[in-house]
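Colleague: So I've got this file, data_30.tsv, and it contains TSV, C-alpha atoms (C1' of nucleotides) and all ligand atoms:
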```tsv
chain	number	residue	atom	x	y	z
A	14	MET	CA	-58.23	45.15	16.20
A	15	SER	CA	-55.02	43.64	17.58
A	16	ARG	CA	-51.75	45.05	16.38
A	17	GLU	CA	-51.00	41.80	14.68
A	18	ALA	CA	-54.26	41.98	12.72
A	19	GLN	CA	-53.53	45.63	12.00
A	20	PHE	CA	-50.15	44.66	10.61
A	21	LEU	CA	-51.62	41.91	8.46
A	22	THR	CA	-54.30	44.20	7.07
A	23	ALA	CA	-51.80	46.95	6.28
A	24	ILE	CA	-49.51	44.42	4.63
A	25	HIS	CA	-52.15	42.91	2.38
A	26	SER	CA	-53.75	46.22	1.45
A	27	ASN	CA	-50.35	47.25	0.12
A	28	GLY	CA	-49.67	44.14	-1.95
A	29	LEU	CA	-47.06	42.97	0.53
A	30	ARG	CA	-46.71	39.52	2.10
A	31	MET	CA	-46.76	38.21	5.61
A	32	THR	CA	-43.65	36.21	6.35
A	33	ARG	CA	-42.42	34.18	9.28
A	34	GLN	CA	-39.67	36.76	9.77
A	35	ARG	CA	-42.06	39.69	10.01
A	36	GLN	CA	-44.26	37.70	12.35
A	37	LEU	CA	-41.37	36.90	14.68
A	38	ILE	CA	-40.01	40.43	14.73
A	39	LEU	CA	-43.41	41.82	15.64
A	40	GLU	CA	-43.76	39.23	18.39
A	41	VAL	CA	-40.40	40.13	19.87
A	42	LEU	CA	-41.35	43.80	19.91
A	43	GLU	CA	-44.74	43.12	21.46
A	44	ALA	CA	-43.26	40.89	24.15
A	45	SER	CA	-40.75	43.51	25.26
A	46	GLN	CA	-41.33	46.52	27.49
A	47	GLU	CA	-37.82	47.73	26.76
A	48	HIS	CA	-36.29	49.96	24.11
A	49	LEU	CA	-34.45	47.47	21.96
A	50	ASP	CA	-31.95	48.29	19.26
A	51	ALA	CA	-31.72	46.43	15.97
A	52	GLU	CA	-29.02	44.09	17.25
A	53	ALA	CA	-31.00	43.16	20.36
A	54	ILE	CA	-34.09	42.47	18.28
A	55	HIS	CA	-31.98	40.38	15.93
A	56	ASP	CA	-30.59	38.36	18.83
A	57	ARG	CA	-34.02	37.60	20.22
A	58	VAL	CA	-35.45	36.70	16.87
A	59	LYS	CA	-32.48	34.45	16.10
A	60	ALA	CA	-33.27	32.46	19.24
A	61	ARG	CA	-36.42	31.33	17.46
A	62	ASP	CA	-35.03	31.16	13.93
A	63	PRO	CA	-31.25	31.30	13.63
A	64	ARG	CA	-31.40	31.95	9.89
A	65	ILE	CA	-32.94	35.43	10.08
A	66	GLY	CA	-30.60	38.15	8.88
A	67	LEU	CA	-29.96	41.56	10.42
A	68	ALA	CA	-30.96	43.27	7.18
A	69	THR	CA	-34.42	41.75	7.48
A	70	VAL	CA	-34.73	43.19	10.96
A	71	TYR	CA	-33.92	46.66	9.63
A	72	ARG	CA	-36.29	46.22	6.71
A	73	THR	CA	-39.14	45.11	8.95
A	74	LEU	CA	-38.53	47.92	11.42
A	75	ALA	CA	-38.70	50.42	8.57
A	76	LEU	CA	-41.97	48.85	7.46
A	77	LEU	CA	-43.48	48.90	10.94
A	78	LYS	CA	-42.42	52.51	11.37
A	79	ALA	CA	-43.98	53.49	8.05
A	80	MET	CA	-47.20	51.81	9.16
A	81	GLY	CA	-47.16	53.73	12.42
A	82	LEU	CA	-46.91	50.61	14.59
A	83	VAL	CA	-43.39	51.18	15.86
A	84	LYS	CA	-41.44	54.25	16.96
A	85	GLU	CA	-37.71	54.78	16.80
A	86	HIS	CA	-36.03	56.80	19.53
A	87	SER	CA	-32.71	58.52	19.99
A	88	LEU	CA	-31.64	57.63	23.50
A	89	GLY	CA	-28.31	59.38	23.53
A	90	GLU	CA	-26.49	56.61	21.69
A	91	GLU	CA	-25.38	56.64	18.10
A	92	HIS	CA	-27.96	54.07	17.04
A	93	GLY	CA	-31.73	53.82	17.19
A	94	HIS	CA	-33.93	52.10	19.75
A	95	PHE	CA	-37.38	50.76	18.98
A	96	GLU	CA	-40.67	50.14	20.73
A	97	MET	CA	-44.29	49.52	19.83
A	98	VAL	CA	-46.41	52.66	19.65
A	99	GLN	CA	-48.48	53.11	22.80
A	100	LYS	CA	-51.99	54.49	23.02
A	101	VAL	CA	-50.87	57.56	24.98
A	102	PRO	CA	-47.66	59.27	23.87
A	103	HIS	CA	-44.73	59.23	26.25
A	104	TYR	CA	-41.18	60.54	26.27
A	105	HIS	CA	-37.76	59.45	27.50
A	106	PHE	CA	-35.03	60.49	29.87
A	107	THR	CA	-31.76	58.57	29.50
A	108	CYS	CA	-29.12	58.52	32.22
A	109	ILE	CA	-25.66	59.14	30.81
A	110	GLY	CA	-24.15	57.33	33.78
A	111	CYS	CA	-26.04	54.03	33.98
A	112	ARG	CA	-27.95	54.13	30.69
A	113	GLN	CA	-31.30	53.59	32.40
A	114	VAL	CA	-34.34	55.01	30.62
A	115	ILE	CA	-37.12	56.76	32.52
A	116	GLU	CA	-40.38	57.13	30.61
A	117	PHE	CA	-42.75	59.98	31.33
A	118	GLU	CA	-45.97	61.47	30.03
A	119	ALA	CA	-46.52	65.17	29.46
A	120	SER	CA	-49.72	66.33	27.81
A	121	ALA	CA	-48.26	69.84	27.65
A	122	VAL	CA	-45.99	68.65	24.84
A	123	MET	CA	-48.78	67.74	22.45
A	124	GLU	CA	-50.50	70.98	23.37
A	125	ALA	CA	-47.42	72.91	22.33
A	126	VAL	CA	-47.30	70.88	19.13
A	127	GLN	CA	-50.97	71.65	18.44
A	128	SER	CA	-50.33	75.36	18.81
A	129	LEU	CA	-47.53	75.10	16.24
A	130	ILE	CA	-49.91	73.30	13.90
A	131	ASP	CA	-52.51	76.03	14.37
A	132	ARG	CA	-50.02	78.79	13.81
A	133	GLU	CA	-48.02	77.36	10.87
A	134	GLY	CA	-50.46	75.02	9.18
A	135	VAL	CA	-47.95	72.20	9.21
A	136	GLN	CA	-48.80	68.51	9.28
A	137	VAL	CA	-46.84	66.82	12.06
A	138	MET	CA	-45.90	63.21	11.40
A	139	ASP	CA	-43.57	62.61	14.29
A	140	VAL	CA	-42.85	64.13	17.69
A	141	HIS	CA	-39.65	63.39	19.49
A	142	LEU	CA	-38.77	64.58	22.97
A	143	SER	CA	-35.77	63.11	24.68
A	144	LEU	CA	-33.80	64.20	27.69
A	145	THR	CA	-30.36	63.16	28.80
A	146	GLY	CA	-28.66	63.71	32.11
A	147	TYR	CA	-28.01	61.87	35.36
A	148	CYS	CA	-30.52	59.85	37.34
A	149	SER	CA	-30.73	60.57	41.07
A	150	ASN	CA	-28.25	57.77	41.85
A	151	CYS	CA	-25.61	58.72	39.32
A	152	ARG	CA	-26.10	62.34	40.24
A	153	GLU	CA	-25.05	61.69	43.82
A	154	GLU	CA	-22.05	59.65	42.77
A	155	ARG	CA	-20.87	62.52	40.64
A	156	ALA	CA	-21.46	65.04	43.40
A	157	THR	CA	-18.88	63.31	45.64
A	158	ASN	CA	-16.07	63.21	43.09
A	159	HIS	CA	-16.90	66.74	42.03
A	160	GLU	CA	-15.76	67.35	38.50
A	161	VAL	CA	-15.01	70.76	37.12
A	162	LYS	CA	-13.18	69.84	33.98
A	163	VAL	CA	-14.79	69.71	30.59
A	164	GLU	CA	-14.61	66.17	29.26
A	165	VAL	CA	-14.46	65.65	25.53
B	23	MET	CA	-19.13	88.20	28.66
B	24	SER	CA	-19.09	87.51	24.92
B	25	ARG	CA	-19.24	83.94	23.80
B	26	GLU	CA	-15.76	84.25	22.43
B	27	ALA	CA	-14.44	85.35	25.81
B	28	GLN	CA	-16.47	82.61	27.43
B	29	PHE	CA	-14.85	80.08	25.14
B	30	LEU	CA	-11.37	81.38	25.86
B	31	THR	CA	-11.94	81.31	29.60
B	32	ALA	CA	-13.32	77.78	29.50
B	33	ILE	CA	-10.40	76.68	27.37
B	34	HIS	CA	-7.70	78.10	29.62
B	35	SER	CA	-9.32	76.99	32.85
B	36	ASN	CA	-9.14	73.44	31.51
B	37	GLY	CA	-5.52	73.50	30.45
B	38	LEU	CA	-6.49	73.61	26.79
B	39	ARG	CA	-5.20	75.95	24.12
B	40	MET	CA	-6.79	78.50	21.84
B	41	THR	CA	-5.99	77.80	18.22
B	42	ARG	CA	-6.68	79.53	14.93
B	43	GLN	CA	-8.89	76.56	13.98
B	44	ARG	CA	-11.07	76.81	17.08
B	45	GLN	CA	-11.33	80.53	16.59
B	46	LEU	CA	-12.47	80.18	12.99
B	47	ILE	CA	-14.99	77.45	13.71
B	48	LEU	CA	-16.57	79.52	16.45
B	49	GLU	CA	-16.73	82.52	14.15
B	50	VAL	CA	-18.47	80.51	11.44
B	51	LEU	CA	-21.04	79.28	13.94
B	52	GLU	CA	-21.64	82.75	15.34
B	53	ALA	CA	-22.05	84.27	11.90
B	54	SER	CA	-24.70	81.78	10.83
B	55	GLN	CA	-28.38	81.77	11.71
B	56	GLU	CA	-28.77	78.34	10.07
B	57	HIS	CA	-28.41	74.80	11.33
B	58	LEU	CA	-25.17	73.73	9.75
B	59	ASP	CA	-23.82	70.20	9.60
B	60	ALA	CA	-20.15	69.32	10.05
B	61	GLU	CA	-19.48	69.34	6.29
B	62	ALA	CA	-21.05	72.77	5.86
B	63	ILE	CA	-19.03	74.17	8.73
B	64	HIS	CA	-15.91	72.60	7.26
B	65	ASP	CA	-16.61	74.20	3.88
B	66	ARG	CA	-17.04	77.65	5.37
B	67	VAL	CA	-13.99	77.38	7.53
B	68	LYS	CA	-11.91	76.11	4.61
B	69	ALA	CA	-12.77	79.29	2.73
B	70	ARG	CA	-10.67	81.11	5.31
B	71	ASP	CA	-8.04	78.45	5.86
B	72	PRO	CA	-7.94	75.63	3.32
B	73	ARG	CA	-5.71	73.47	5.52
B	74	ILE	CA	-8.26	72.83	8.27
B	75	GLY	CA	-9.31	69.20	8.46
B	76	LEU	CA	-12.80	67.79	8.97
B	77	ALA	CA	-11.66	65.91	12.07
B	78	THR	CA	-10.76	69.22	13.69
B	79	VAL	CA	-14.27	70.48	13.00
B	80	TYR	CA	-15.73	67.44	14.74
B	81	ARG	CA	-13.30	67.79	17.64
B	82	THR	CA	-14.10	71.46	18.11
B	83	LEU	CA	-17.83	70.87	17.90
B	84	ALA	CA	-17.52	68.23	20.61
B	85	LEU	CA	-15.60	70.70	22.74
B	86	LEU	CA	-18.12	73.50	22.22
B	87	LYS	CA	-20.94	71.12	23.05
B	88	ALA	CA	-19.23	69.97	26.22
B	89	MET	CA	-18.82	73.61	27.21
B	90	GLY	CA	-22.49	74.28	26.61
B	91	LEU	CA	-21.88	76.83	23.87
B	92	VAL	CA	-23.23	74.79	20.98
B	93	LYS	CA	-26.19	72.44	20.57
B	94	GLU	CA	-26.48	69.53	18.19
B	95	HIS	CA	-29.88	68.72	16.69
B	96	SER	CA	-31.44	65.76	14.93
B	97	LEU	CA	-33.35	67.29	12.07
B	98	GLY	CA	-34.64	64.11	10.50
B	99	GLU	CA	-31.41	63.37	8.66
B	100	GLU	CA	-28.85	60.76	9.55
B	101	HIS	CA	-26.28	63.34	10.62
B	102	GLY	CA	-26.19	66.12	13.16
B	103	HIS	CA	-26.79	69.84	12.72
B	104	PHE	CA	-25.27	72.49	14.92
B	105	GLU	CA	-26.05	75.96	16.20
B	106	MET	CA	-24.94	78.30	18.96
B	107	VAL	CA	-26.95	78.02	22.15
B	108	GLN	CA	-29.53	80.82	22.38
B	109	LYS	CA	-30.62	82.63	25.54
B	110	VAL	CA	-34.16	81.26	25.33
B	111	PRO	CA	-34.57	77.58	24.36
B	112	HIS	CA	-36.30	76.80	21.10
B	113	TYR	CA	-37.24	73.69	19.17
B	114	HIS	CA	-37.43	72.54	15.57
B	115	PHE	CA	-39.90	71.32	13.01
B	116	THR	CA	-38.34	69.87	9.84
B	117	CYS	CA	-40.32	69.44	6.63
B	118	ILE	CA	-39.75	66.03	5.09
B	119	GLY	CA	-40.67	67.43	1.69
B	120	CYS	CA	-38.55	70.56	1.31
B	121	ARG	CA	-36.20	70.16	4.30
B	122	GLN	CA	-37.04	73.63	5.64
B	123	VAL	CA	-36.68	74.07	9.39
B	124	ILE	CA	-39.23	76.03	11.41
B	125	GLU	CA	-38.06	77.11	14.85
B	126	PHE	CA	-40.52	77.62	17.67
B	127	GLU	CA	-40.56	78.39	21.36
B	128	ALA	CA	-42.69	76.54	23.90
B	129	SER	CA	-42.28	77.29	27.57
B	130	ALA	CA	-44.57	74.37	28.34
B	131	VAL	CA	-41.73	72.03	27.43
B	132	MET	CA	-39.35	73.22	30.10
B	133	GLU	CA	-42.23	73.17	32.56
B	134	ALA	CA	-42.83	69.52	31.79
B	135	VAL	CA	-39.11	68.89	32.19
B	136	GLN	CA	-39.11	70.64	35.55
B	137	SER	CA	-41.93	68.46	36.78
B	138	LEU	CA	-39.92	65.38	35.82
B	139	ILE	CA	-36.96	66.77	37.73
B	140	ASP	CA	-39.16	67.37	40.78
B	141	ARG	CA	-40.68	63.91	40.61
B	142	GLU	CA	-37.57	61.83	39.83
B	143	GLY	CA	-34.72	63.86	41.21
B	144	VAL	CA	-32.82	63.62	37.95
B	145	GLN	CA	-30.33	66.16	36.67
B	146	VAL	CA	-31.19	67.12	33.10
B	147	MET	CA	-28.26	68.02	30.91
B	148	ASP	CA	-29.95	68.19	27.56
B	149	VAL	CA	-33.48	68.62	26.22
B	150	HIS	CA	-34.30	67.71	22.69
B	151	LEU	CA	-37.66	68.26	21.01
B	152	SER	CA	-37.91	67.82	17.30
B	153	LEU	CA	-40.87	67.40	15.00
B	154	THR	CA	-41.00	66.15	11.47
B	155	GLY	CA	-43.82	66.36	8.96
B	156	TYR	CA	-44.91	68.51	6.05
B	157	CYS	CA	-44.94	72.29	5.92
B	158	SER	CA	-48.14	73.92	4.68
B	159	ASN	CA	-46.82	74.06	1.11
B	160	CYS	CA	-45.64	70.46	0.87
B	161	ARG	CA	-48.80	69.38	2.63
B	162	GLU	CA	-50.95	70.78	-0.17
B	163	GLU	CA	-48.80	69.24	-2.88
B	164	ARG	CA	-49.23	65.85	-1.28
B	165	ALA	CA	-52.98	66.32	-0.90
B	166	THR	CA	-53.41	66.57	-4.69
B	167	ASN	CA	-51.50	63.39	-5.57
B	168	HIS	CA	-53.17	61.60	-2.69
B	169	GLU	CA	-51.07	58.65	-1.59
B	170	VAL	CA	-52.47	55.69	0.30
B	171	LYS	CA	-49.59	53.27	0.00
B	172	VAL	CA	-47.00	52.74	2.66
B	173	GLU	CA	-43.61	53.75	1.35
B	174	VAL	CA	-40.56	52.03	2.74
C	16	DG	C1'	-52.75	20.82	-4.48
C	17	DC	C1'	-49.87	22.96	-8.32
C	18	DA	C1'	-47.85	26.59	-10.93
C	19	DC	C1'	-46.54	31.12	-11.51
C	20	DC	C1'	-45.43	35.77	-10.43
C	21	DT	C1'	-42.88	38.52	-7.79
C	22	DA	C1'	-42.17	40.12	-2.90
C	23	DT	C1'	-38.85	38.86	0.41
C	24	DT	C1'	-34.85	37.03	2.25
C	25	DG	C1'	-29.82	36.18	3.58
C	26	DA	C1'	-25.27	37.24	2.73
C	27	DT	C1'	-22.41	40.52	1.94
C	28	DA	C1'	-20.74	44.71	-0.28
C	29	DA	C1'	-21.36	49.56	-0.05
C	30	DT	C1'	-22.26	53.94	2.09
C	31	DA	C1'	-22.26	57.63	5.43
C	32	DA	C1'	-21.11	59.75	9.62
C	33	DT	C1'	-18.00	60.01	13.04
C	34	DT	C1'	-13.96	58.65	15.71
C	35	DC	C1'	-9.29	57.03	16.14
C	36	DT	C1'	-4.20	56.87	15.19
C	37	DC	C1'	-0.01	58.88	14.87
C	38	DA	C1'	3.63	61.63	13.15
C	39	DT	C1'	4.10	66.62	12.87
C	40	DT	C1'	3.11	71.29	14.36
C	41	DA	C1'	2.02	74.98	17.36
C	42	DT	C1'	0.47	77.01	21.90
C	43	DC	C1'	1.88	79.09	25.97
C	44	DA	C1'	3.96	79.05	30.64
C	45	DA	C1'	8.33	79.48	32.51
D	23	DT	C1'	13.54	81.13	23.61
D	24	DT	C1'	12.67	76.85	25.06
D	25	DG	C1'	10.30	72.76	26.46
D	26	DA	C1'	6.36	70.13	27.54
D	27	DT	C1'	2.49	68.68	25.55
D	28	DA	C1'	-2.08	69.97	23.43
D	29	DA	C1'	-3.79	70.13	18.86
D	30	DT	C1'	-3.79	69.27	14.09
D	31	DG	C1'	-4.16	66.95	9.36
D	32	DA	C1'	-4.45	62.91	6.75
D	33	DG	C1'	-6.18	58.92	6.35
D	34	DA	C1'	-7.44	54.42	8.43
D	35	DA	C1'	-10.93	52.40	11.27
D	36	DT	C1'	-15.39	51.87	13.27
D	37	DT	C1'	-20.41	51.82	13.57
D	38	DA	C1'	-24.91	51.95	11.95
D	39	DT	C1'	-27.61	51.41	8.19
D	40	DT	C1'	-28.78	50.63	3.30
D	41	DA	C1'	-28.16	48.54	-1.30
D	42	DT	C1'	-27.29	44.53	-4.34
D	43	DC	C1'	-28.53	40.24	-6.12
D	44	DA	C1'	-29.22	35.43	-6.61
D	45	DA	C1'	-32.15	32.17	-4.21
D	46	DT	C1'	-36.47	31.39	-1.75
D	47	DA	C1'	-41.13	31.43	-0.63
D	48	DG	C1'	-45.94	33.88	-0.04
D	49	DG	C1'	-50.36	33.93	-2.14
D	50	DT	C1'	-53.51	34.04	-6.08
D	51	DG	C1'	-55.78	31.61	-9.64
D	52	DC	C1'	-56.47	27.27	-11.70
A	201	MN	MN	-40.75	54.18	25.69
A	202	MN	MN	-32.43	76.43	15.92
A	203	ZN	ZN	-27.95	56.65	36.22
A	204	ZN	ZN	-41.97	71.60	2.94
```
The structure in this file should be written as structure tokens.
Ligand SMILES: [Mn+2]
Ligand SMILES: [Mn+2]
Ligand SMILES: [Zn+2]
Ligand SMILES: [Zn+2]

Modeller:
Amino acid sequence: MSREAQFLTAIHSNGLRMTRQRQLILEVLEASQEHLDAEAIHDRVKARDPRIGLATVYRTLALLKAMGLVKEHSLGEEHGHFEMVQKVPHYHFTCIGCRQVIEFEASAVMEAVQSLIDREGVQVMDVHLSLTGYCSNCREERATNHEVKVEV
Amino acid sequence: MSREAQFLTAIHSNGLRMTRQRQLILEVLEASQEHLDAEAIHDRVKARDPRIGLATVYRTLALLKAMGLVKEHSLGEEHGHFEMVQKVPHYHFTCIGCRQVIEFEASAVMEAVQSLIDREGVQVMDVHLSLTGYCSNCREERATNHEVKVEV
DNA sequence: GCACCTATTGATAATAATTCTCATTATCAA
DNA sequence: TTGATAATGAGAATTATTATCAATAGGTGC
């Protein structure tokens, strides 16, 4: 079942309605390989329908998250970034210098999570691993102008 | 070297000054085994000096973070929680139902991080793993009143 | 297709967390 | 003790997100 069909099914089985806005927001998310924030999604959706409001973007993102179709990430900024859920889980490294995001897989993470589940009997709804630091480029740049000071 | 001495050294070597406020905030953090937010820290510090402002708490937390003495966590709420850095890294599971936090260790995580470092040549400054879900108690409660609907 | 019920929307106000501004105070090196 | 300036407190400002509410529009049944 396509994600679009999945969305439609989930919507109808909950007494909700499919709207042009929800359709467009899903399409924007599916078309992107990036980690968009609410503003960026709003911009792209407005290109196709200038009347769509930012609040609707937030509402739809919340809905898609609740349905398990979209994940929200903390990428070192003070606001969220969104992407469609992938078949195999992956995690993120964000460069503080150039803001690039490197995605990586690590089966060991879910294994560690499983052992917590076994030990504590918890039900895990969401797993979030994110790294910040400097990519190899920005790392070199910093090495030359070697900083010692604490920056606040 | 005690963390207090570490703090003092870092402060002086950066041309900064040790103040009563910074002292008190560090003491509050050291005395607590919990994951306090800025408000909670402010409350505790005010008990010892009612004149301390919330902005100073935020400023000092930023300083302690930059010095690597304190870590900020996302525990499923919209604001940060803070704790002193421990010798061995640990991670957090937060129950959506009762808000309890379960800490756990998982050496596999840092191993996965190391393999990313080896592969990409990045410099990792911060690692953040946090889980959300339902603890064994809240899990049972939910099982009885079995929900199917998506809640947004 | 038409009507009706009510979910959804857009606009904007409200909220929450955090940061900024700036006049005043306090640290600390000389 | 003094002077240079880092730090503070109070409150304004900013940013991200959520709530409010009147107007609109899905979708079900006729
Ligand atoms: Mn991703
Ligand atoms: Mn902890
Ligand atoms: Zn970079
Ligand atoms: Zn619980």

Colleague: Which is closer to chain C than all the others in B:Glu125, B:Asp59, B:Asp71, B:Glu133, using all atoms listed in the file?

Modeller: B:Asp59

Colleague: Given only C-alpha atoms and all ligand atoms, how would the per-residue table for chain A near ligand ZN 204 (chain A) read, listing every residue at most 12 Å away with its closest atom pair and distance in Å to one decimal, sorted by chain and number, as a tab-separated table?

Modeller:
```
residue	atom	partner	partner_atom	distance
A:Glu133	CA	A:ZN204	ZN	11.5
A:Gly134	CA	A:ZN204	ZN	11.1
A:Val135	CA	A:ZN204	ZN	8.7
A:Gln136	CA	A:ZN204	ZN	9.8
A:Val137	CA	A:ZN204	ZN	11.4
```

Colleague: Give me, as a VMD selection string, all polymer residues having an atom no more than 12 Å from DT34 of chain C, counting only C-alpha atoms (C1' of nucleotides) and skipping those fewer than 2 positions away in the same chain.

Modeller: (chain A and resid 91) or (chain B and resid 76 to 78 80 to 81 84) or (chain C and resid 32 36) or (chain D and resid 34 to 37)

Colleague: Would you list the residues that come within 8 Å of ligand MN 201 (chain A)? Count only C-alpha atoms (C1' of nucleotides) and all ligand atoms and give the answer as a list in words.

Modeller: Gln46, Glu47, His48, Glu96, His103, Tyr104, His105 and Glu116 of chain A

Colleague: Could you pull the residues within 12 Å of DT42 of chain C, counting all atoms listed in the file, minus those fewer than 6 positions along the same chain, as a compact mmCIF listing (two decimals) with C-alpha atoms (C1' of nucleotides), in the frame of the given file?

Modeller:
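So result.txt came out as:
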```
# COMPACT_ATOMS: atom_id res chain seq x y z
CA HIS B 34 -7.70 78.10 29.62
CA GLY B 37 -5.52 73.50 30.45
CA LEU B 38 -6.49 73.61 26.79
CA ARG B 39 -5.20 75.95 24.12
CA MET B 40 -6.79 78.50 21.84
CA THR B 41 -5.99 77.80 18.22
CA ARG B 42 -6.68 79.53 14.93
C1' DG D 25 10.30 72.76 26.46
C1' DA D 26 6.36 70.13 27.54
C1' DT D 27 2.49 68.68 25.55
C1' DA D 28 -2.08 69.97 23.43
C1' DA D 29 -3.79 70.13 18.86
C1' DT D 30 -3.79 69.27 14.09
```

Colleague: At a cut-off of 8 Å around ligand ZN 203 (chain A), and using all atoms listed in the file, what residues come up? Please write them as a list of chain:residue names.

Modeller: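 Taking all atoms listed in the file into account, the residues around ligand ZN 203 (chain A) at most 8 Å away are A:Thr107, A:Cys108, A:Ile109, A:Gly110, A:Cys111, A:Arg112, A:Gln113, A:Tyr147, A:Cys148, A:Ser149, A:Asn150, A:Cys151, A:Arg152.
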
Colleague: Show me which residues sit within 12 Å of ligand MN 202 (chain A) when counting all atoms listed in the file, and put them as a PDB file with C-alpha atoms, keeping the file's coordinate frame.

Modeller:
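That gives us pocket18.pdb:
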```pdb
ATOM      1  CA  LEU B  51     -21.040  79.280  13.940  1.00  0.00           C
ATOM      2  CA  SER B  54     -24.700  81.780  10.830  1.00  0.00           C
ATOM      3  CA  GLN B  55     -28.380  81.770  11.710  1.00  0.00           C
ATOM      4  CA  GLU B  56     -28.770  78.340  10.070  1.00  0.00           C
ATOM      5  CA  HIS B  57     -28.410  74.800  11.330  1.00  0.00           C
ATOM      6  CA  LEU B  58     -25.170  73.730   9.750  1.00  0.00           C
ATOM      7  CA  VAL B  92     -23.230  74.790  20.980  1.00  0.00           C
ATOM      8  CA  LYS B  93     -26.190  72.440  20.570  1.00  0.00           C
ATOM      9  CA  GLU B  94     -26.480  69.530  18.190  1.00  0.00           C
ATOM     10  CA  HIS B  95     -29.880  68.720  16.690  1.00  0.00           C
ATOM     11  CA  SER B  96     -31.440  65.760  14.930  1.00  0.00           C
ATOM     12  CA  LEU B  97     -33.350  67.290  12.070  1.00  0.00           C
ATOM     13  CA  HIS B 103     -26.790  69.840  12.720  1.00  0.00           C
ATOM     14  CA  PHE B 104     -25.270  72.490  14.920  1.00  0.00           C
ATOM     15  CA  GLU B 105     -26.050  75.960  16.200  1.00  0.00           C
ATOM     16  CA  MET B 106     -24.940  78.300  18.960  1.00  0.00           C
ATOM     17  CA  VAL B 107     -26.950  78.020  22.150  1.00  0.00           C
ATOM     18  CA  GLN B 108     -29.530  80.820  22.380  1.00  0.00           C
ATOM     19  CA  LYS B 109     -30.620  82.630  25.540  1.00  0.00           C
ATOM     20  CA  VAL B 110     -34.160  81.260  25.330  1.00  0.00           C
ATOM     21  CA  PRO B 111     -34.570  77.580  24.360  1.00  0.00           C
ATOM     22  CA  HIS B 112     -36.300  76.800  21.100  1.00  0.00           C
ATOM     23  CA  TYR B 113     -37.240  73.690  19.170  1.00  0.00           C
ATOM     24  CA  HIS B 114     -37.430  72.540  15.570  1.00  0.00           C
ATOM     25  CA  PHE B 115     -39.900  71.320  13.010  1.00  0.00           C
ATOM     26  CA  THR B 116     -38.340  69.870   9.840  1.00  0.00           C
ATOM     27  CA  GLN B 122     -37.040  73.630   5.640  1.00  0.00           C
ATOM     28  CA  VAL B 123     -36.680  74.070   9.390  1.00  0.00           C
ATOM     29  CA  ILE B 124     -39.230  76.030  11.410  1.00  0.00           C
ATOM     30  CA  GLU B 125     -38.060  77.110  14.850  1.00  0.00           C
ATOM     31  CA  PHE B 126     -40.520  77.620  17.670  1.00  0.00           C
ATOM     32  CA  GLU B 127     -40.560  78.390  21.360  1.00  0.00           C
ATOM     33  CA  HIS B 150     -34.300  67.710  22.690  1.00  0.00           C
ATOM     34  CA  LEU B 151     -37.660  68.260  21.010  1.00  0.00           C
ATOM     35  CA  SER B 152     -37.910  67.820  17.300  1.00  0.00           C
TER      36      SER B 152
END
```

Colleague: What is the atom CA of Gly155 of chain B-atom CA of Ile130 of chain A distance in Å, reported with one decimal?

Modeller: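 Atom-to-atom, atom CA of Gly155 of chain B to atom CA of Ile130 of chain A, that is 10.5 Å.
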
Colleague: I'd like the interatomic distance between atom CA of Val172 of chain B and atom CA of Leu77 of chain A, to a tenth of an Å.

Modeller: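 According to the coordinates, atom CA of Val172 of chain B and atom CA of Leu77 of chain A are separated by 9.8 Å.
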
Colleague: So the first atom is atom CA of Gln136 of chain B and the second is atom CA of His92 of chain A; what is the distance between them in Å, to one decimal place?

Modeller: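 Answer for the atom CA of Gln136 of chain B to atom CA of His92 of chain A separation: 27.2 Å.
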
Colleague: Between C:DA31, C:DT23, C:DC37, C:DA45, which has the minimum distance to chain B (counting only C-alpha atoms (C1' of nucleotides))?

Modeller: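 Of C:DA31, C:DT23, C:DC37, C:DA45, the one nearest chain B, counting only C-alpha atoms (C1' of nucleotides), is C:DA31.
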
Colleague: Excluding Gln28 of chain B and residues on its chain fewer than 2 positions from it, collect all residues at most 12 Å away from it, counting only C-alpha atoms (C1' of nucleotides), and give them as an MDAnalysis selection string.

Modeller: chainID B and resid 23:26 30:35 40 48 86 89:91

Colleague: Measuring between only C-alpha atoms, which one of A:Glu153, A:Val58, A:Arg132, A:Asn27 shows the shortest distance to chain B?

Modeller: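 So, comparing all the options, the nearest one is A:Asn27.
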
Colleague: For each of B:Ala130, B:Val79, B:Leu46, B:Ala27, take the minimum atom-to-atom distance to chain D, counting only C-alpha atoms (C1' of nucleotides), then give the residue where this is smallest.

Modeller: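 The shortest atom-to-atom distance to chain D comes from B:Val79.
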
Colleague: For a quick check of understanding, using all atoms listed in the file, which of A:Ile54, A:Ile65, A:Ala44, A:Leu144 has the smallest distance to chain C?

Modeller: A:Ile65

Colleague: Per residue of chain C within 8 Å of chain A, record the nearest atom pair and its distance in Å to one decimal, counting only C-alpha atoms (C1' of nucleotides), with rows in chain order and ascending residue number, as JSON lines.

Modeller:
```
{"residue": "C:DA22", "atom": "C1'", "partner": "A:Leu29", "partner_atom": "CA", "distance": 6.6}
{"residue": "C:DT24", "atom": "C1'", "partner": "A:Thr69", "partner_atom": "CA", "distance": 7.1}
{"residue": "C:DG25", "atom": "C1'", "partner": "A:Gly66", "partner_atom": "CA", "distance": 5.7}
```

Colleague: Pick out the closest residue to chain B from this set: A:Ala60, A:Ala156, A:Ala119, A:Val41. Count all atoms listed in the file.

Modeller: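 Ranking A:Ala60, A:Ala156, A:Ala119, A:Val41 by distance to chain B, first place goes to A:Ala119.
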
Colleague: May I ask you to extract the residues of chain D within 8 Å of chain A, using all atoms listed in the file, and to give them as a PDB file with C-alpha atoms (C1' of nucleotides), in the coordinates of the input?

Modeller:
```pdb
ATOM      1  C1'  DA D  38     -24.910  51.950  11.950  1.00  0.00           C
ATOM      2  C1'  DG D  48     -45.940  33.880  -0.040  1.00  0.00           C
ATOM      3  C1'  DG D  49     -50.360  33.930  -2.140  1.00  0.00           C
TER       4       DG D  49
END
```
